[in-house]
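**Student:** Dropping in final-v9.pdb, with PDB, C-alpha atoms.
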ATOM      1  CA  MET D 185       0.000   0.000   0.000  1.00  0.00           C
ATOM      2  CA  THR D 186       1.434   3.343  -1.037  1.00  0.00           C
ATOM      3  CA  PRO D 187       1.171   6.038   1.644  1.00  0.00           C
ATOM      4  CA  LEU D 188      -1.367   8.744   0.816  1.00  0.00           C
ATOM      5  CA  TYR D 189       1.317  11.432   0.809  1.00  0.00           C
ATOM      6  CA  ALA D 190       3.287   9.485  -1.806  1.00  0.00           C
ATOM      7  CA  GLN D 191       0.512   8.861  -4.275  1.00  0.00           C
ATOM      8  CA  ASN D 192       0.559  10.793  -7.537  1.00  0.00           C
ATOM      9  CA  HIS D 193       3.975  12.262  -6.841  1.00  0.00           C
ATOM     10  CA  ASP D 194       6.726  12.195  -9.444  1.00  0.00           C
ATOM     11  CA  TYR D 195       9.978  10.942  -7.951  1.00  0.00           C
ATOM     12  CA  SER D 196      11.688  10.295 -11.289  1.00  0.00           C
ATOM     13  CA  LYS D 197      14.019  13.271 -10.774  1.00  0.00           C
ATOM     14  CA  TYR D 198      15.537  11.614  -7.701  1.00  0.00           C
ATOM     15  CA  ASN D 199      18.550   9.348  -7.735  1.00  0.00           C
ATOM     16  CA  VAL D 200      18.681   6.464  -5.243  1.00  0.00           C
ATOM     17  CA  LEU D 201      21.744   4.295  -4.714  1.00  0.00           C
ATOM     18  CA  ALA D 202      21.178   0.903  -3.078  1.00  0.00           C
ATOM     19  CA  VAL D 203      24.293  -0.756  -1.665  1.00  0.00           C
ATOM     20  CA  ASP D 204      24.420  -4.409  -0.606  1.00  0.00           C
ATOM     21  CA  ASP D 205      26.781  -7.295  -1.276  1.00  0.00           C
ATOM     22  CA  ILE D 206      23.867  -9.721  -1.688  1.00  0.00           C
ATOM     23  CA  PRO D 207      22.335  -9.393  -5.186  1.00  0.00           C
ATOM     24  CA  LEU D 208      18.919 -10.659  -4.025  1.00  0.00           C
ATOM     25  CA  ASN D 209      18.705  -7.857  -1.457  1.00  0.00           C
ATOM     26  CA  LEU D 210      19.415  -5.280  -4.168  1.00  0.00           C
ATOM     27  CA  LEU D 211      16.740  -6.802  -6.384  1.00  0.00           C
ATOM     28  CA  LEU D 212      14.192  -6.757  -3.562  1.00  0.00           C
ATOM     29  CA  VAL D 213      14.839  -3.094  -2.796  1.00  0.00           C
ATOM     30  CA  GLN D 214      14.590  -2.206  -6.496  1.00  0.00           C
ATOM     31  CA  LYS D 215      11.276  -4.038  -6.798  1.00  0.00           C
ATOM     32  CA  MET D 216       9.902  -2.439  -3.622  1.00  0.00           C
ATOM     33  CA  LEU D 217      10.720   1.033  -4.936  1.00  0.00           C
ATOM     34  CA  ALA D 218       9.845   0.452  -8.608  1.00  0.00           C
ATOM     35  CA  LYS D 219       6.454   2.174  -8.372  1.00  0.00           C
ATOM     36  CA  PHE D 220       8.158   5.479  -7.519  1.00  0.00           C
ATOM     37  CA  ASN D 221      10.174   5.601 -10.757  1.00  0.00           C
ATOM     38  CA  PHE D 222      13.368   6.706  -9.024  1.00  0.00           C
ATOM     39  CA  GLU D 223      16.562   6.632 -11.002  1.00  0.00           C
ATOM     40  CA  MET D 224      17.866   3.526  -9.237  1.00  0.00           C
ATOM     41  CA  ARG D 225      21.505   2.513  -9.177  1.00  0.00           C
ATOM     42  CA  THR D 226      23.140  -0.290  -7.254  1.00  0.00           C
ATOM     43  CA  ALA D 227      26.541  -1.081  -5.827  1.00  0.00           C
ATOM     44  CA  ALA D 228      27.745  -4.441  -4.551  1.00  0.00           C
ATOM     45  CA  ASN D 229      30.227  -3.173  -1.960  1.00  0.00           C
ATOM     46  CA  GLY D 230      31.537  -0.095  -0.191  1.00  0.00           C
ATOM     47  CA  GLN D 231      34.161   0.794  -2.781  1.00  0.00           C
ATOM     48  CA  MET D 232      31.633   0.521  -5.608  1.00  0.00           C
ATOM     49  CA  ALA D 233      29.306   2.762  -3.585  1.00  0.00           C
ATOM     50  CA  LEU D 234      31.969   5.435  -3.187  1.00  0.00           C
ATOM     51  CA  ASP D 235      32.795   5.191  -6.910  1.00  0.00           C
ATOM     52  CA  ALA D 236      29.089   5.506  -7.795  1.00  0.00           C
ATOM     53  CA  VAL D 237      28.741   8.582  -5.572  1.00  0.00           C
ATOM     54  CA  ALA D 238      31.803  10.148  -7.227  1.00  0.00           C
ATOM     55  CA  ALA D 239      30.312   9.492 -10.674  1.00  0.00           C
ATOM     56  CA  LYS D 240      26.902  10.940  -9.818  1.00  0.00           C
ATOM     57  CA  LYS D 241      25.818  12.205  -6.424  1.00  0.00           C
ATOM     58  CA  PRO D 242      22.652  10.431  -5.291  1.00  0.00           C
ATOM     59  CA  ASP D 243      19.828  12.021  -3.346  1.00  0.00           C
ATOM     60  CA  LEU D 244      19.535   8.966  -1.114  1.00  0.00           C
ATOM     61  CA  ILE D 245      21.716   5.978  -0.276  1.00  0.00           C
ATOM     62  CA  LEU D 246      20.186   2.771   1.063  1.00  0.00           C
ATOM     63  CA  LEU D 247      23.217   1.206   2.699  1.00  0.00           C
ATOM     64  CA  ASP D 248      23.977  -2.230   4.084  1.00  0.00           C
ATOM     65  CA  LEU D 249      26.549  -2.309   6.869  1.00  0.00           C
ATOM     66  CA  MET D 250      28.066  -5.778   6.599  1.00  0.00           C
ATOM     67  CA  MET D 251      30.063  -5.911   3.391  1.00  0.00           C
ATOM     68  CA  PRO D 252      33.526  -7.217   2.527  1.00  0.00           C
ATOM     69  CA  GLY D 253      36.294  -4.649   2.244  1.00  0.00           C
ATOM     70  CA  ILE D 254      34.874  -1.234   3.017  1.00  0.00           C
ATOM     71  CA  ASP D 255      31.862  -1.747   5.266  1.00  0.00           C
ATOM     72  CA  GLY D 256      28.855   0.539   5.546  1.00  0.00           C
ATOM     73  CA  PHE D 257      30.152   2.367   8.615  1.00  0.00           C
ATOM     74  CA  GLU D 258      33.302   3.335   6.723  1.00  0.00           C
ATOM     75  CA  VAL D 259      31.227   4.457   3.720  1.00  0.00           C
ATOM     76  CA  ILE D 260      29.219   6.753   6.002  1.00  0.00           C
ATOM     77  CA  ARG D 261      32.392   8.128   7.603  1.00  0.00           C
ATOM     78  CA  ARG D 262      33.972   8.951   4.251  1.00  0.00           C
ATOM     79  CA  LEU D 263      30.821  10.535   2.844  1.00  0.00           C
ATOM     80  CA  ARG D 264      30.225  12.670   5.939  1.00  0.00           C
ATOM     81  CA  GLU D 265      33.842  13.883   6.006  1.00  0.00           C
ATOM     82  CA  ASP D 266      33.679  15.177   2.422  1.00  0.00           C
ATOM     83  CA  PRO D 267      31.822  18.500   2.123  1.00  0.00           C
ATOM     84  CA  ALA D 268      30.705  17.534  -1.400  1.00  0.00           C
ATOM     85  CA  THR D 269      28.855  14.459  -0.105  1.00  0.00           C
ATOM     86  CA  ALA D 270      28.118  15.324   3.527  1.00  0.00           C
ATOM     87  CA  ASP D 271      24.492  16.223   2.807  1.00  0.00           C
ATOM     88  CA  ILE D 272      23.474  12.984   1.064  1.00  0.00           C
ATOM     89  CA  ARG D 273      20.603  11.291   2.883  1.00  0.00           C
ATOM     90  CA  ILE D 274      21.679   7.854   4.139  1.00  0.00           C
ATOM     91  CA  VAL D 275      19.357   5.110   5.347  1.00  0.00           C
ATOM     92  CA  ILE D 276      20.972   2.000   6.763  1.00  0.00           C
ATOM     93  CA  LEU D 277      19.351  -1.321   5.808  1.00  0.00           C
ATOM     94  CA  SER D 278      21.011  -3.954   7.941  1.00  0.00           C
ATOM     95  CA  ALA D 279      20.657  -7.268   9.730  1.00  0.00           C
ATOM     96  CA  LEU D 280      22.833  -5.770  12.460  1.00  0.00           C
ATOM     97  CA  ASN D 281      20.259  -4.812  15.030  1.00  0.00           C
ATOM     98  CA  SER D 282      21.925  -4.419  18.389  1.00  0.00           C
ATOM     99  CA  ASN D 283      21.401  -1.123  20.159  1.00  0.00           C
ATOM    100  CA  GLU D 284      25.134  -0.477  19.776  1.00  0.00           C
ATOM    101  CA  ASP D 285      24.979  -0.896  15.981  1.00  0.00           C
ATOM    102  CA  VAL D 286      21.929   1.344  15.656  1.00  0.00           C
ATOM    103  CA  VAL D 287      23.444   4.052  17.853  1.00  0.00           C
ATOM    104  CA  LYS D 288      26.789   3.801  16.044  1.00  0.00           C
ATOM    105  CA  GLY D 289      24.999   4.220  12.707  1.00  0.00           C
ATOM    106  CA  PHE D 290      23.217   7.355  13.871  1.00  0.00           C
ATOM    107  CA  ASN D 291      26.342   8.736  15.546  1.00  0.00           C
ATOM    108  CA  MET D 292      28.283   8.284  12.308  1.00  0.00           C
ATOM    109  CA  GLY D 293      25.677  10.286  10.414  1.00  0.00           C
ATOM    110  CA  ALA D 294      22.962   7.951   9.166  1.00  0.00           C
ATOM    111  CA  ASP D 295      19.574   9.596   8.758  1.00  0.00           C
ATOM    112  CA  ASP D 296      17.541   6.468   9.490  1.00  0.00           C
ATOM    113  CA  PHE D 297      18.015   2.774  10.236  1.00  0.00           C
ATOM    114  CA  ILE D 298      15.824  -0.060   8.979  1.00  0.00           C
ATOM    115  CA  MET D 299      16.480  -3.555  10.245  1.00  0.00           C
ATOM    116  CA  LYS D 300      16.346  -6.559   7.942  1.00  0.00           C
ATOM    117  CA  PRO D 301      14.242  -8.344   6.968  1.00  0.00           C
ATOM    118  CA  ILE D 302      12.839  -5.249   5.304  1.00  0.00           C
ATOM    119  CA  ILE D 303       9.149  -4.554   5.674  1.00  0.00           C
ATOM    120  CA  MET D 304       8.027  -2.950   2.421  1.00  0.00           C
ATOM    121  CA  GLU D 305       5.670  -0.403   3.990  1.00  0.00           C
ATOM    122  CA  LYS D 306       8.361   0.760   6.399  1.00  0.00           C
ATOM    123  CA  LEU D 307      10.896   1.139   3.587  1.00  0.00           C
ATOM    124  CA  LEU D 308       8.415   3.052   1.418  1.00  0.00           C
ATOM    125  CA  ALA D 309       7.455   5.411   4.242  1.00  0.00           C
ATOM    126  CA  CYS D 310      11.106   6.013   5.098  1.00  0.00           C
ATOM    127  CA  VAL D 311      12.144   6.670   1.492  1.00  0.00           C
ATOM    128  CA  VAL D 312       9.228   9.025   0.884  1.00  0.00           C
ATOM    129  CA  THR D 313      10.106  10.923   4.070  1.00  0.00           C
ATOM    130  CA  GLN D 314      13.743  11.213   2.965  1.00  0.00           C
ATOM    131  CA  MET D 315      12.651  12.494  -0.460  1.00  0.00           C
ATOM    132  CA  GLN D 316      10.430  15.092   1.198  1.00  0.00           C
ATOM    133  CA  ILE D 317      13.480  16.302   3.113  1.00  0.00           C
ATOM    134  CA  VAL D 318      15.519  16.440  -0.104  1.00  0.00           C
ATOM    135  CA  GLU D 319      12.693  18.332  -1.795  1.00  0.00           C
ATOM    136  CA  ALA D 320      12.387  20.779   1.101  1.00  0.00           C
ATOM    137  CA  ARG D 321      16.093  21.510   0.768  1.00  0.00           C
ATOM    138  CA  GLY D 322      15.488  22.580  -2.793  1.00  0.00           C
ATOM    139  CA  LYS D 323      16.373  19.842  -5.224  1.00  0.00           C
TER     140      LYS D 323
END
Please go through the file and, once you have read it, give me the structure as structure tokens.
**Tutor:**
Amino acid sequence: MTPLYAQNHDYSKYNVLAVDDIPLNLLLVQKMLAKFNFEMRTAANGQMALDAVAAKKPDLILLDLMMPGIDGFEVIRRLREDPATADIRIVILSALNSNEDVVKGFNMGADDFIMKPIIMEKLLACVVTQMQIVEARGK
């Protein structure tokens, strides 16, 4: 069910980057968000995410934490330290769900945290809220 505030809204001008090392998770997120017509891009690890951001700055990153090489926490740290990327909205999507992990994510600069398994309605509401923030900032 699409939230009332999201119906009949054109999100095609927004760029969303989904980052996860499990291809099925990326596919699920893409399918969940397909009705919004975002420009969707994916990255399979932290380095690919940073490369994708350098190529084209996204409006929103949906970021897994547990990845080989550069993990999600390190991706957040690098993005928040760079003035050119510090304002990108970041939502963590992770199976890590201890209070310590959630607090660490927020302390590092995440804008929201959704625990896996992902509930579609929660993801949709979160993404729409993040896009409203982006829009209010003047995209």
**Student:** Apply the PyMOL selection byres ((chain D and resi 241) around 12) to the displayed file and report the matching residues as number ranges by chain.
**Tutor:** D: 198-201, 223, 225, 233-240, 242-245, 263, 268-273
**Student:** List the spatial neighbours of region 291-300 of chain D as number ranges by chain - criterion: any atom at most 7 Å away, only C-alpha atoms, same-chain residues fewer than 4 positions off excluded.
**Tutor:** D: 260-261, 264, 273-279, 281, 286-287
**Student:** Go through D:Leu212, D:Ser282, D:Asp205, D:Asp266 and flag the residue nearest Gly253 (chain D), using all atoms listed in the file for the distances.
**Tutor:**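 Nearest candidate to Gly253 (chain D) out of D:Leu212, D:Ser282, D:Asp205, D:Asp266: D:Asp205.
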**Student:** What does the distance between CA of Asp204 (chain D) and CA of Ile254 (chain D) come to in Å, to one decimal place?
**Tutor:**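 Answer for the CA of Asp204 (chain D) to CA of Ile254 (chain D) separation: 11.5 Å.
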**Student:** For CA of Gln314 (chain D) and CA of Ala218 (chain D), determine how far apart the two atoms are, in Å to one decimal place.
**Tutor:**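 Those two atoms sit 16.3 Å apart.
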**Student:** Counting all atoms listed in the file, which residue out of D:Asp285, D:Asn221, D:Asn209, D:Met251 sits closest to His193 (chain D)?
**Tutor:**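 Among the listed residues, D:Asn221 lies closest to His193 (chain D).
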**Student:** Take the PyMOL selection byres ((chain D and resi 227) around 7), apply it to the structure above, and return the hits as a list of chain:residue names.
**Tutor:**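 Matching residues under the PyMOL selection byres ((chain D and resi 227) around 7) are D:Ala202, D:Val203, D:Asp204, D:Thr226, D:Ala228, D:Asn229, D:Met232, D:Ala233.
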**Student:** Hey, can you check how far CA of Leu308 (chain D) sits from CA of Leu217 (chain D)?
**Tutor:**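 Going from CA of Leu308 (chain D) over to CA of Leu217 (chain D) covers 7.1 Å.
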**Student:** Output, as AutoDock Vina command-line options, the centre and edge lengths in Å (one decimal) of the axis-aligned box that contains all listed atoms of region 235-252 of chain D with 5 Å of margin on each side.
**Tutor:**
--center_x 26.5 --center_y 2.5 --center_z -1.9 --size_x 24.0 --size_y 29.4 --size_z 27.5
**Student:** Hey, which of D:Pro267, D:Leu208, D:Asp248, D:Val311 ends up closest to Leu280 (chain D)? Count only C-alpha atoms.
**Tutor:** D:Asp248
**Student:** Show which residues sit within 12 Å of Asp194 (chain D), as a list in words. Count only C-alpha atoms, and ignore same-chain residues fewer than 6 positions away.
**Tutor:**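 Residues meeting the cut-off are Lys219, Phe220, Asn221, Phe222, Glu223, Val312, Met315, Gln316 and Glu319 of chain D.
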**Student:** Name the closest residue to Gln231 (chain D) among the candidates D:Ile317, D:Ile206, D:Leu307, D:Val259; distances are taken between atoms, counting only C-alpha atoms.
**Tutor:**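 That would be D:Val259, the residue with the smallest distance to Gln231 (chain D).
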**Student:** Taking all atoms listed in the file into account, which of D:Ala309, D:Lys197, D:Met304, D:Gly256 comes nearest Gln214 (chain D)?
**Tutor:** D:Met304
